[in-house]
$ cat query-v2.txt   # compact mmCIF, C-alpha atoms
# COMPACT_ATOMS: atom_id res chain seq x y z
CA MET A 8 3.16 198.43 141.08
CA SER A 9 5.65 200.38 143.19
CA ASP A 10 5.09 204.03 144.07
CA LEU A 11 4.85 206.16 140.96
CA LEU A 12 7.46 208.88 140.42
CA TRP A 13 4.78 211.31 139.37
CA GLN A 14 2.10 210.44 141.95
CA LYS A 15 0.18 213.44 143.35
CA GLU A 16 -1.69 213.56 146.64
CA GLY A 17 -5.45 213.23 146.42
CA VAL A 18 -5.45 211.66 142.94
CA ALA A 19 -6.50 208.03 142.83
CA VAL A 20 -4.72 205.68 140.44
CA ASP A 21 -7.02 203.47 138.38
CA ALA A 22 -5.45 200.05 137.85
CA ARG A 23 -7.02 199.61 134.40
CA ILE A 24 -5.68 202.96 133.25
CA MET A 25 -2.25 202.15 134.63
CA ARG A 26 -2.21 198.84 132.72
CA PHE A 27 -3.01 200.74 129.54
CA LEU A 28 -0.36 203.38 130.23
CA ALA A 29 2.34 200.89 131.12
CA ALA A 30 1.44 198.35 128.39
CA ASP A 31 4.60 196.27 127.80
CA ASP A 32 6.92 199.18 128.53
CA VAL A 33 8.64 197.65 131.53
CA VAL A 34 9.33 194.43 129.59
CA LEU A 35 10.77 196.36 126.66
CA ASP A 36 12.92 198.35 129.07
CA ARG A 37 14.90 195.16 129.75
CA GLU A 38 16.60 195.90 126.43
CA PHE A 39 17.71 199.34 127.57
CA PHE A 40 18.16 198.74 131.32
CA ALA A 41 21.95 198.30 131.36
CA HIS A 42 22.34 201.45 129.26
CA ASP A 43 19.98 203.31 131.61
CA ILE A 44 22.15 202.30 134.56
CA GLU A 45 25.31 203.35 132.69
CA ALA A 46 23.85 206.78 131.94
CA SER A 47 22.61 207.10 135.53
CA LYS A 48 26.16 206.57 136.82
CA VAL A 49 27.46 209.31 134.56
CA HIS A 50 24.62 211.62 135.63
CA VAL A 51 25.60 211.02 139.27
CA GLU A 52 29.22 211.86 138.45
CA GLY A 53 28.04 215.06 136.80
CA LEU A 54 25.96 216.09 139.81
CA ALA A 55 28.99 215.59 142.03
CA ARG A 56 31.20 217.62 139.67
CA ILE A 57 28.94 220.66 140.06
CA GLY A 58 28.46 220.21 143.81
CA VAL A 59 24.78 219.19 143.82
CA ILE A 60 25.58 215.98 145.69
CA GLU A 61 28.51 215.15 147.97
CA ALA A 62 31.39 212.94 146.85
CA ASN A 63 30.46 210.23 149.37
CA GLU A 64 26.87 210.27 148.09
CA ALA A 65 28.09 209.87 144.54
CA THR A 66 30.29 206.96 145.60
CA ALA A 67 27.36 205.24 147.30
CA LEU A 68 25.03 205.80 144.35
CA ILE A 69 27.53 204.48 141.82
CA ARG A 70 28.26 201.47 144.04
CA GLU A 71 24.56 200.61 144.19
CA LEU A 72 24.08 201.18 140.47
CA ASP A 73 26.94 198.77 139.78
CA ALA A 74 25.34 196.26 142.13
CA LEU A 75 21.99 196.65 140.38
CA ASN A 76 23.62 196.14 137.00
CA ASP A 77 25.31 192.98 138.23
CA ASP A 78 22.08 191.68 139.80
CA PHE A 79 20.21 192.33 136.55
CA ALA A 80 22.88 190.63 134.45
CA GLN A 81 22.91 187.60 136.75
CA GLY A 82 19.13 187.30 136.93
CA ARG A 83 18.89 188.24 140.60
CA PHE A 84 16.90 191.37 139.76
CA MET A 85 13.90 191.10 137.45
CA LEU A 86 12.41 194.07 135.69
CA ASP A 87 8.68 193.30 135.74
CA GLU A 88 5.21 194.72 136.36
CA ARG A 89 6.12 195.73 139.90
CA SER A 90 7.70 198.80 138.27
CA GLU A 91 6.11 201.25 135.89
CA ASP A 92 9.28 201.27 133.79
CA GLY A 93 13.02 200.78 134.04
CA HIS A 94 13.63 204.33 135.22
CA SER A 95 11.26 203.88 138.15
CA ALA A 96 12.91 200.57 139.02
CA ILE A 97 16.35 202.18 139.20
CA GLU A 98 15.21 204.98 141.47
CA ALA A 99 13.17 202.64 143.68
CA ARG A 100 16.17 200.38 144.16
CA LEU A 101 18.42 203.29 145.10
CA VAL A 102 15.88 204.67 147.56
CA ASP A 103 15.47 201.22 149.08
CA ARG A 104 19.22 200.88 149.57
CA LEU A 105 20.24 204.48 150.31
CA GLY A 106 17.15 206.34 151.50
CA ASP A 107 17.26 210.08 150.84
CA THR A 108 20.54 209.77 148.95
CA GLY A 109 18.73 207.56 146.45
CA ARG A 110 16.08 210.24 146.03
CA LYS A 111 18.74 212.65 144.72
CA VAL A 112 19.58 210.63 141.60
CA HIS A 113 16.90 212.27 139.47
CA THR A 114 18.02 215.83 140.19
CA GLY A 115 18.18 217.78 136.93
CA ARG A 116 17.00 214.81 134.90
CA SER A 117 13.69 213.82 133.30
CA ARG A 118 12.52 210.41 132.21
CA ASN A 119 12.50 212.05 128.79
CA ASP A 120 16.26 212.49 128.48
CA GLN A 121 16.75 209.30 130.49
CA ILE A 122 15.07 207.13 127.85
CA LEU A 123 16.60 209.21 125.06
CA VAL A 124 20.13 208.50 126.20
CA ALA A 125 19.50 204.84 127.03
CA THR A 126 17.89 204.27 123.63
CA ARG A 127 20.68 206.17 121.87
CA LEU A 128 23.33 203.99 123.52
CA TRP A 129 21.34 200.87 122.57
CA LEU A 130 21.01 202.01 118.96
CA LYS A 131 24.73 202.68 118.75
CA ALA A 132 25.50 199.16 119.97
CA LYS A 133 23.03 197.60 117.54
CA LEU A 134 24.32 199.60 114.57
CA LYS A 135 27.85 198.50 115.39
CA MET A 136 26.63 194.90 115.39
CA LEU A 137 24.89 195.51 112.05
CA SER A 138 28.02 196.95 110.46
CA THR A 139 30.15 194.06 111.76
CA THR A 140 27.66 191.49 110.48
CA CYS A 141 27.50 193.11 107.05
CA ARG A 142 31.29 193.04 106.94
CA SER A 143 31.27 189.32 107.71
CA ILE A 144 28.72 188.66 104.95
CA ALA A 145 30.70 190.72 102.43
CA LYS A 146 33.93 188.93 103.37
CA THR A 147 32.34 185.50 102.95
CA CYS A 148 30.92 186.44 99.56
CA LEU A 149 34.26 187.81 98.45
CA GLU A 150 36.08 184.65 99.51
CA ARG A 151 33.61 182.50 97.54
CA ALA A 152 34.00 184.76 94.49
CA GLU A 153 37.79 184.37 94.67
CA ARG A 154 37.62 180.61 95.11
CA GLU A 155 35.50 179.56 92.11
CA ALA A 156 33.85 180.95 89.00
CA LEU A 157 31.41 178.29 87.84
CA PRO A 158 29.33 179.14 84.75
CA MET A 159 25.62 179.60 85.39
CA PRO A 160 22.70 181.27 83.63
CA GLY A 161 22.13 184.96 84.20
CA TYR A 162 18.47 185.99 84.32
CA THR A 163 16.43 189.02 83.45
CA HIS A 164 12.66 188.98 83.91
CA LEU A 165 13.20 185.46 85.37
CA GLN A 166 14.13 184.32 81.83
CA ARG A 167 17.49 182.89 80.82
CA ALA A 168 19.40 185.81 79.34
CA VAL A 169 23.22 185.59 79.23
CA VAL A 170 26.04 183.50 80.61
CA SER A 171 26.94 184.44 84.18
CA SER A 172 29.03 182.88 86.94
CA THR A 173 28.94 182.06 90.62
CA ALA A 174 31.84 184.49 91.11
CA LEU A 175 29.85 187.33 89.56
CA TRP A 176 26.85 186.46 91.76
CA PHE A 177 28.90 186.37 94.96
CA ALA A 178 30.84 189.53 94.06
CA GLY A 179 27.57 191.40 93.55
CA PHE A 180 26.35 190.58 97.03
CA SER A 181 29.79 191.29 98.49
CA GLU A 182 29.66 194.84 97.18
CA ALA A 183 26.06 195.20 98.33
CA PHE A 184 26.92 194.26 101.91
CA ILE A 185 30.02 196.46 101.94
CA ASP A 186 27.67 199.35 101.16
CA ASN A 187 25.20 198.14 103.80
CA GLY A 188 27.95 198.03 106.40
CA VAL A 189 29.08 201.53 105.47
CA ARG A 190 25.51 202.76 105.74
CA ALA A 191 25.20 201.28 109.25
CA ARG A 192 28.51 202.88 110.24
CA ASP A 193 27.53 206.27 108.82
CA THR A 194 24.13 206.10 110.54
CA LEU A 195 25.89 205.37 113.82
CA ALA A 196 28.04 208.47 113.30
CA TRP A 197 24.92 210.53 112.58
CA ILE A 198 23.08 209.52 115.75
CA ASP A 199 26.21 209.66 117.94
CA ALA A 200 24.96 212.68 119.90
CA ASN A 201 24.35 212.82 123.65
CA PRO A 202 20.86 214.01 124.75
CA LEU A 203 21.49 213.53 128.50
CA GLY A 204 21.09 216.82 130.31
CA THR A 205 18.30 218.19 128.12
CA ALA A 206 15.73 217.08 130.73
CA ALA A 207 12.12 217.33 129.56
CA GLY A 208 13.14 219.24 126.45
CA TYR A 209 13.79 222.71 127.85
CA GLY A 210 16.90 222.38 130.01
CA VAL A 211 17.15 222.99 133.77
CA ASN A 212 18.43 225.72 136.07
CA LEU A 213 21.63 223.83 136.86
CA ALA A 214 25.02 224.15 135.17
CA LEU A 215 25.07 220.46 134.24
CA ASP A 216 28.44 219.24 132.99
CA ARG A 217 27.09 217.91 129.72
CA GLU A 218 30.51 217.86 128.06
CA HIS A 219 31.74 215.44 130.72
CA ALA A 220 28.66 213.26 130.30
CA SER A 221 29.14 213.12 126.54
CA ALA A 222 32.77 212.07 126.85
CA ALA A 223 32.13 209.59 129.67
CA LEU A 224 29.37 207.85 127.70
CA GLY A 225 31.48 207.68 124.55
CA PHE A 226 29.44 210.06 122.42
CA ALA A 227 31.14 211.89 119.56
CA ARG A 228 29.31 215.10 120.33
CA MET A 229 26.66 216.70 122.52
CA GLN A 230 23.15 217.19 121.23
CA ILE A 231 23.02 220.87 122.09
CA ASN A 232 19.45 222.07 121.85
CA PRO A 233 16.96 220.43 124.23
CA VAL A 234 14.04 221.01 121.85
CA TYR A 235 15.90 219.19 119.10
CA ALA A 236 16.75 216.35 121.48
CA GLN A 237 13.02 215.68 121.72
CA LEU A 238 12.50 216.19 117.99
CA SER A 239 15.20 213.61 117.27
CA ARG A 240 13.37 210.83 119.10
CA GLY A 241 11.79 208.72 116.41
CA LYS A 242 13.76 210.49 113.69
CA PHE A 243 17.00 208.79 114.76
CA GLU A 244 15.17 205.48 115.27
CA ILE A 245 13.84 205.67 111.71
CA GLY A 246 17.37 206.30 110.44
CA ALA A 247 18.67 203.27 112.33
CA LEU A 248 15.87 201.06 111.01
CA ASP A 249 16.58 202.37 107.51
CA ALA A 250 20.08 200.94 107.84
CA VAL A 251 18.66 197.55 108.82
CA CYS A 252 16.13 197.76 105.97
CA SER A 253 18.95 198.34 103.49
CA ALA A 254 20.72 195.16 104.58
CA VAL A 255 17.65 192.92 104.76
CA LEU A 256 16.42 194.22 101.41
CA ASP A 257 19.54 192.70 99.83
CA LEU A 258 19.03 189.65 102.02
CA ARG A 259 15.52 189.29 100.62
CA ARG A 260 16.79 189.25 97.03
CA LEU A 261 19.59 186.84 97.89
CA ALA A 262 17.11 184.56 99.67
CA TRP A 263 14.80 184.71 96.65
CA ASP A 264 17.67 183.51 94.44
CA LEU A 265 18.42 180.63 96.78
CA SER A 266 14.72 179.76 97.04
CA LEU A 267 14.64 179.36 93.25
CA PHE A 268 18.07 177.77 92.88
CA THR A 269 17.26 175.01 95.40
CA THR A 270 14.09 173.87 93.59
CA ALA A 271 14.14 170.68 91.54
CA GLU A 272 13.33 172.81 88.49
CA PHE A 273 16.64 174.68 88.89
CA GLY A 274 18.76 172.36 91.02
CA PHE A 275 21.70 174.77 91.11
CA VAL A 276 22.28 174.81 94.89
CA ARG A 277 22.36 172.39 97.79
CA LEU A 278 21.94 173.94 101.22
CA PRO A 279 23.60 172.57 104.37
CA ALA A 280 21.16 170.16 105.99
CA GLU A 281 20.92 172.29 109.14
CA TYR A 282 19.33 175.09 107.11
CA THR A 283 16.45 172.92 105.94
CA THR A 284 13.53 171.35 107.78
CA GLY A 285 11.22 168.41 107.15
CA SER A 286 7.55 168.30 106.31
CA SER A 287 5.07 167.31 108.99
CA ILE A 288 3.23 165.03 106.55
CA MET A 289 5.43 164.39 103.49
CA PRO A 290 8.35 162.10 104.38
CA ASN A 291 10.21 162.96 101.17
CA LYS A 292 10.47 166.70 101.81
CA ARG A 293 13.33 168.87 102.98
CA ASN A 294 12.26 172.51 102.88
CA PRO A 295 14.43 175.67 102.73
CA ASP A 296 12.57 177.22 105.65
CA VAL A 297 15.53 179.26 106.92
CA VAL A 298 15.95 180.91 103.52
CA GLU A 299 12.22 181.58 103.32
CA LEU A 300 12.18 183.26 106.73
CA MET A 301 15.24 185.28 105.74
CA ARG A 302 13.20 186.43 102.74
CA ALA A 303 10.30 187.36 105.06
CA THR A 304 12.51 189.37 107.43
CA TYR A 305 12.29 192.56 105.38
CA ALA A 306 8.55 192.73 106.04
CA THR A 307 9.09 192.84 109.80
CA VAL A 308 11.83 195.46 109.66
CA SER A 309 10.03 197.63 107.12
CA ALA A 310 6.83 197.46 109.19
CA ALA A 311 8.78 198.50 112.29
CA ARG A 312 10.18 201.50 110.45
CA MET A 313 6.72 202.49 109.24
CA GLU A 314 5.26 202.07 112.73
CA VAL A 315 7.75 204.58 114.14
CA GLU A 316 7.16 206.99 111.28
CA GLN A 317 3.41 206.88 111.85
CA LEU A 318 3.92 207.90 115.49
CA LEU A 319 5.63 211.12 114.47
CA SER A 320 2.63 213.15 113.38
CA LEU A 321 3.28 215.29 116.45
CA PRO A 322 4.05 218.87 117.48
CA SER A 323 7.40 219.70 119.08
CA GLY A 324 8.09 218.71 122.65
CA TYR A 325 7.66 215.34 124.31
CA GLN A 326 4.43 213.43 123.66
CA ARG A 327 3.57 210.11 125.32
CA ASP A 328 2.95 208.57 121.88
CA LEU A 329 6.71 208.13 121.65
CA GLN A 330 6.59 205.38 124.26
CA PHE A 331 5.34 203.14 121.47
CA SER A 332 8.55 203.59 119.48
CA LYS A 333 10.39 201.12 121.72
CA GLY A 334 8.62 197.99 120.51
CA PRO A 335 9.25 198.52 116.79
CA ILE A 336 12.97 199.18 117.15
CA VAL A 337 13.42 196.14 119.39
CA ARG A 338 11.50 193.91 116.96
CA GLY A 339 13.14 195.36 113.86
CA PHE A 340 16.70 194.96 115.09
CA ALA A 341 16.06 191.58 116.71
CA ARG A 342 14.58 190.02 113.58
CA GLY A 343 16.97 191.75 111.19
CA LEU A 344 20.17 190.88 113.05
CA ALA A 345 19.04 187.31 113.74
CA ALA A 346 18.55 186.69 110.02
CA LEU A 347 21.73 188.45 108.90
CA GLU A 348 23.91 186.70 111.47
CA LEU A 349 23.04 183.29 109.97
CA LEU A 350 24.05 184.33 106.47
CA PRO A 351 27.88 184.07 106.54
CA ASP A 352 27.86 180.40 107.54
CA LEU A 353 25.09 179.56 105.08
CA LEU A 354 26.92 181.23 102.19
CA ALA A 355 30.24 179.66 103.13
CA ARG A 356 28.79 176.15 103.09
CA LEU A 357 26.22 176.10 100.28
CA GLU A 358 27.23 173.88 97.36
CA TRP A 359 26.77 174.60 93.66
CA ASP A 360 25.88 171.91 91.13
CA PRO A 361 28.15 172.76 88.17
CA ALA A 362 26.57 170.20 85.82
CA ARG A 363 23.02 171.45 86.37
CA MET A 364 24.06 175.08 85.88
CA ARG A 365 26.01 174.31 82.69
CA ALA A 366 23.12 172.30 81.29
CA ALA A 367 20.84 175.32 81.74
CA ILE A 368 23.02 177.50 79.48
CA GLU A 369 21.31 177.59 76.06
CA PRO A 370 22.91 178.56 72.70
CA SER A 371 20.74 181.69 72.44
CA MET A 372 22.38 183.07 75.59
CA TYR A 373 25.49 183.90 73.51
CA ALA A 374 23.51 186.19 71.18
CA THR A 375 24.59 189.34 73.02
CA ASP A 376 28.24 188.27 72.61
CA VAL A 377 27.67 187.82 68.86
CA ALA A 378 26.07 191.24 68.46
CA ILE A 379 28.81 193.05 70.37
CA GLU A 380 31.57 191.23 68.47
CA GLN A 381 30.05 192.36 65.18
CA ALA A 382 29.68 195.92 66.48
CA ARG A 383 33.33 195.89 67.53
CA ALA A 384 34.19 194.84 63.96
CA GLY A 385 32.39 197.89 62.59
CA VAL A 386 28.80 196.77 62.05
CA PRO A 387 26.34 199.35 63.43
CA PHE A 388 25.05 197.91 66.67
CA ARG A 389 21.37 197.91 65.68
CA GLU A 390 22.24 195.95 62.54
CA ALA A 391 24.38 193.56 64.56
CA TYR A 392 21.53 193.19 67.04
CA ARG A 393 19.11 192.34 64.20
CA ARG A 394 21.45 189.72 62.75
CA ALA A 395 22.04 188.04 66.12
CA ALA A 396 18.32 188.02 66.85
CA GLY A 397 17.66 186.31 63.51
CA GLU A 398 19.81 183.28 64.30
CA PRO A 399 19.67 182.79 68.09
CA THR A 400 20.15 179.01 67.96
CA ASN A 401 23.44 179.43 66.07
CA ALA A 402 24.84 181.95 68.55
CA GLY A 403 26.48 179.28 70.68
CA LYS A 404 28.29 177.49 67.84
CA ASP A 405 31.91 176.81 68.83
CA ARG A 406 31.47 178.78 72.03
CA THR A 407 31.95 177.85 75.68
CA PRO A 408 30.68 179.52 78.86
CA GLU A 409 34.26 180.01 80.05
CA ALA A 410 35.25 181.88 76.87
CA SER A 411 32.15 184.05 77.05
CA LEU A 412 32.92 184.96 80.65
CA ALA A 413 36.60 185.64 79.98
CA ALA A 414 35.71 187.99 77.11
CA ARG A 415 33.42 190.06 79.35
CA VAL A 416 36.15 192.58 80.21
CA SER A 417 34.10 195.66 81.06
CA PRO A 418 35.16 196.70 84.59
CA GLY A 419 33.29 194.64 87.17
CA ALA A 420 32.09 192.02 84.66
CA ALA A 421 33.11 188.36 84.76
CA GLY A 422 36.38 188.91 82.88
CA ASP A 423 37.44 191.77 85.19
CA LEU A 424 35.69 191.27 88.51
CA ARG A 425 37.91 193.78 90.35
CA LEU A 426 37.86 191.60 93.45
CA ASP A 427 41.03 193.29 94.67
CA GLU A 428 39.18 196.62 94.70
CA LEU A 429 36.32 195.12 96.67
CA ARG A 430 38.77 193.65 99.15
CA GLU A 431 40.45 197.05 99.49
CA ARG A 432 37.07 198.71 100.12
CA LEU A 433 36.22 196.08 102.68
CA ALA A 434 39.48 196.69 104.52
CA ARG A 435 39.33 200.50 104.26
CA TRP A 436 35.63 201.19 104.80
CA LEU A 437 34.68 198.53 107.32
CA VAL A 438 37.54 198.24 109.79
$ encode --input "query-v2.txt" --output "structure tokens"
Amino acid sequence: MSDLLWQKEGVAVDARIMRFLAADDVVLDREFFAHDIEASKVHVEGLARIGVIEANEATALIRELDALNDDFAQGRFMLDERSEDGHSAIEARLVDRLGDTGRKVHTGRSRNDQILVATRLWLKAKLKMLSTTCRSIAKTCLERAEREALPMPGYTHLQRAVVSSTALWFAGFSEAFIDNGVRARDTLAWIDANPLGTAAGYGVNLALDREHASAALGFARMQINPVYAQLSRGKFEIGALDAVCSAVLDLRRLAWDLSLFTTAEFGFVRLPAEYTTGSSIMPNKRNPDVVELMRATYATVSAARMEVEQLLSLPSGYQRDLQFSKGPIVRGFARGLAALELLPDLLARLEWDPARMRAAIEPSMYATDVAIEQARAGVPFREAYRRAAGEPTNAGKDRTPEASLAARVSPGAAGDLRLDELRERLARWLV
């Protein structure tokens, strides 16, 4: 491992202890490295603006930071166990290339606000991806709802209940993912605060140009108080993971539906072949493994959120425990986005089996229609309910699924889906 930034004379470094301290931190820092370099460039600009470093030194530092970013992107520079973390690797590279000028890069900065700002930039990028992906899912669902309205059973308690439709099913998930996209966008706006310049949580005796840094890094505002900057670490990560949890929670329920609908017992849906796999022993099997792993994704994201929350039983100020918040957010976003990004294509290409769905609609599923029709004619609803319950097998006489759906005119129901309103929300809320 290269020289440690915090090494003191006369104190031996135990390799076993260093392995424990470093853990997989330097590997995880690959996720944040480009953002760390970006923030380092802006910090250098700020130091030059207040006269702490010369203009030519700033030019050299920014040139080398750009070169490091390019080397990292092209695989010529590897962030590995030779460095304690990404921050150390950046400074070591600059010292190697620029000598004493490289040693000036950390003036007025701590690794605390360095990881805060790199993580914050990473979270912003991931939340933007989440919002965009939710928009794509909602758009696909809306397009399917507009294209076809095939009758199918609607279920409560996993029992056949009333007549429903594929359009109603798709419209429901369209609205869900519009809301999920809005939540991701609003969470991004909430965390869009720049912590760079708060140092170790108590500020420094330099007039750092934090306003310039905030604007240069694209933050909406500056996180003013350095104590709160430290308090927000973990808190903002939980908020970001909450946004992912919201989306994959709906994904879990959608995947559950598809898991049931693709069984031979239901037979309502055929998945594209690419989204199924074969059995290792049973030649006749094609399994909906992708859908099942989509269903499992919530567990990973929820566990990541809980892992971060459990780290936060801490007093104010920086504590090393927070190092362990990196792994959960990387895992949570990686698994969540990977599952969600597959969903638009899957939903666009799945095929319904109209005959199987129609065959599953039983006469008793019109009983609610019968009761409400009688109530509309003046029969007290509880009496109408009792009458309909007494003759469930006659409820479907002279009725069709299409007529039942068309009569369901309460706003949002099958006869008045309000798809135009959903499309307007999609266009207005998730630009």
$ closest_residue --input "query-v2.txt" --among "A:Ala207, A:Leu175, A:Ala125, A:Leu433" --to "Pro160 in chain A" --atoms "all atoms listed in the file"
A:Leu175
$ closest_atom_pairs --input "query-v2.txt" --of "range 75-178 of chain A" --to "range 334-337 of chain A" --cutoff "10 Å" --atoms "only C-alpha atoms" --output "JSON lines"
{"residue": "A:Thr126", "atom": "CA", "partner": "A:Ile336", "partner_atom": "CA", "distance": 9.6}
{"residue": "A:Trp129", "atom": "CA", "partner": "A:Val337", "partner_atom": "CA", "distance": 9.8}
{"residue": "A:Leu130", "atom": "CA", "partner": "A:Ile336", "partner_atom": "CA", "distance": 8.7}
{"residue": "A:Lys133", "atom": "CA", "partner": "A:Val337", "partner_atom": "CA", "distance": 9.9}
$ residues_near_point --input "query-v2.txt" --point "(17.1, 208.3, 117.3)" --cutoff "12 Å" --atoms "all atoms listed in the file" --output "PDB file with C-alpha atoms, in the coordinates of the input"
ATOM      1  CA  ASP A 120      16.260 212.490 128.480  1.00  0.00           C
ATOM      2  CA  ILE A 122      15.070 207.130 127.850  1.00  0.00           C
ATOM      3  CA  LEU A 123      16.600 209.210 125.060  1.00  0.00           C
ATOM      4  CA  VAL A 124      20.130 208.500 126.200  1.00  0.00           C
ATOM      5  CA  ALA A 125      19.500 204.840 127.030  1.00  0.00           C
ATOM      6  CA  THR A 126      17.890 204.270 123.630  1.00  0.00           C
ATOM      7  CA  ARG A 127      20.680 206.170 121.870  1.00  0.00           C
ATOM      8  CA  LEU A 128      23.330 203.990 123.520  1.00  0.00           C
ATOM      9  CA  TRP A 129      21.340 200.870 122.570  1.00  0.00           C
ATOM     10  CA  LEU A 130      21.010 202.010 118.960  1.00  0.00           C
ATOM     11  CA  LYS A 131      24.730 202.680 118.750  1.00  0.00           C
ATOM     12  CA  LEU A 134      24.320 199.600 114.570  1.00  0.00           C
ATOM     13  CA  THR A 194      24.130 206.100 110.540  1.00  0.00           C
ATOM     14  CA  LEU A 195      25.890 205.370 113.820  1.00  0.00           C
ATOM     15  CA  ALA A 196      28.040 208.470 113.300  1.00  0.00           C
ATOM     16  CA  TRP A 197      24.920 210.530 112.580  1.00  0.00           C
ATOM     17  CA  ILE A 198      23.080 209.520 115.750  1.00  0.00           C
ATOM     18  CA  ASP A 199      26.210 209.660 117.940  1.00  0.00           C
ATOM     19  CA  ALA A 200      24.960 212.680 119.900  1.00  0.00           C
ATOM     20  CA  ASN A 201      24.350 212.820 123.650  1.00  0.00           C
ATOM     21  CA  PRO A 202      20.860 214.010 124.750  1.00  0.00           C
ATOM     22  CA  GLN A 230      23.150 217.190 121.230  1.00  0.00           C
ATOM     23  CA  TYR A 235      15.900 219.190 119.100  1.00  0.00           C
ATOM     24  CA  ALA A 236      16.750 216.350 121.480  1.00  0.00           C
ATOM     25  CA  GLN A 237      13.020 215.680 121.720  1.00  0.00           C
ATOM     26  CA  LEU A 238      12.500 216.190 117.990  1.00  0.00           C
ATOM     27  CA  SER A 239      15.200 213.610 117.270  1.00  0.00           C
ATOM     28  CA  ARG A 240      13.370 210.830 119.100  1.00  0.00           C
ATOM     29  CA  GLY A 241      11.790 208.720 116.410  1.00  0.00           C
ATOM     30  CA  LYS A 242      13.760 210.490 113.690  1.00  0.00           C
ATOM     31  CA  PHE A 243      17.000 208.790 114.760  1.00  0.00           C
ATOM     32  CA  GLU A 244      15.170 205.480 115.270  1.00  0.00           C
ATOM     33  CA  ILE A 245      13.840 205.670 111.710  1.00  0.00           C
ATOM     34  CA  GLY A 246      17.370 206.300 110.440  1.00  0.00           C
ATOM     35  CA  ALA A 247      18.670 203.270 112.330  1.00  0.00           C
ATOM     36  CA  LEU A 248      15.870 201.060 111.010  1.00  0.00           C
ATOM     37  CA  ASP A 249      16.580 202.370 107.510  1.00  0.00           C
ATOM     38  CA  ARG A 312      10.180 201.500 110.450  1.00  0.00           C
ATOM     39  CA  VAL A 315       7.750 204.580 114.140  1.00  0.00           C
ATOM     40  CA  GLU A 316       7.160 206.990 111.280  1.00  0.00           C
ATOM     41  CA  LEU A 329       6.710 208.130 121.650  1.00  0.00           C
ATOM     42  CA  SER A 332       8.550 203.590 119.480  1.00  0.00           C
ATOM     43  CA  LYS A 333      10.390 201.120 121.720  1.00  0.00           C
ATOM     44  CA  ILE A 336      12.970 199.180 117.150  1.00  0.00           C
TER      45      ILE A 336
END
$ closest_residue --input "query-v2.txt" --among "A:Val276, A:Leu437, A:Cys148, A:Glu155" --to "Asp186 in chain A" --atoms "only C-alpha atoms"
A:Leu437
$ residues_near_point --input "query-v2.txt" --point "(16.4, 192.6, 137.9)" --cutoff "12 Å" --atoms "only C-alpha atoms" --output "NGL selection string"
:A and (33-34 or 36-38 or 40-41 or 44 or 72 or 74-90 or 92-93 or 96-97 or 100)
$ atom_distance --input "query-v2.txt" --atom1 "CA of Arg116 in chain A" --atom2 "CA of Ala222 in chain A"
17.9 Å
$ closest_residue --input "query-v2.txt" --among "A:Asp405, A:Asp216, A:Asp103, A:Asp257" --to "Gly179 in chain A" --atoms "all atoms listed in the file"
A:Asp257
$ closest_residue --input "query-v2.txt" --among "A:Leu350, A:Ala421, A:Leu213, A:Ala345" --to "Ala152 in chain A" --atoms "only C-alpha atoms"
A:Ala421
$ closest_residue --input "query-v2.txt" --among "A:Asp73, A:Glu390, A:Asp264, A:Asp31" --to "Asp43 in chain A" --atoms "all atoms listed in the file"
A:Asp73
$ closest_residue --input "query-v2.txt" --among "A:Ser117, A:Leu101, A:Leu258, A:His50" --to "Leu354 in chain A" --atoms "all atoms listed in the file"
A:Leu258
$ residues_around --input "query-v2.txt" --residues "Arg432 in chain A" --least-positions-apart "5" --cutoff "10 Å" --atoms "all atoms listed in the file" --output "MDAnalysis selection string"
chainID A and resid 182 185:186 426:427 437:438
$ atom_distance --input "query-v2.txt" --atom1 "CA of Tyr282 in chain A" --atom2 "CA of Val297 in chain A"
5.6 Å
$ decode --input "query-v2.txt" --residues "range 125-132 of chain A" --atoms "N, CA and C atoms" --output "compact mmCIF listing (two decimals), in the first residue's frame"
# COMPACT_ATOMS: atom_id res chain seq x y z
N ALA A 125 -18.26 13.36 -3.55
CA ALA A 125 -18.21 12.34 -4.60
C ALA A 125 -19.45 11.44 -4.54
N THR A 126 -19.82 11.04 -3.33
CA THR A 126 -21.01 10.20 -3.17
C THR A 126 -22.26 10.95 -3.58
N ARG A 127 -22.34 12.23 -3.19
CA ARG A 127 -23.52 13.04 -3.53
C ARG A 127 -23.68 13.15 -5.04
N LEU A 128 -22.59 13.39 -5.75
CA LEU A 128 -22.64 13.46 -7.22
C LEU A 128 -23.07 12.13 -7.81
N TRP A 129 -22.57 11.03 -7.24
CA TRP A 129 -22.93 9.68 -7.70
C TRP A 129 -24.41 9.42 -7.48
N LEU A 130 -24.91 9.78 -6.30
CA LEU A 130 -26.32 9.57 -5.99
C LEU A 130 -27.21 10.38 -6.94
N LYS A 131 -26.81 11.60 -7.24
CA LYS A 131 -27.59 12.41 -8.17
C LYS A 131 -27.68 11.74 -9.53
N ALA A 132 -26.56 11.23 -10.01
CA ALA A 132 -26.56 10.55 -11.32
C ALA A 132 -27.44 9.31 -11.30
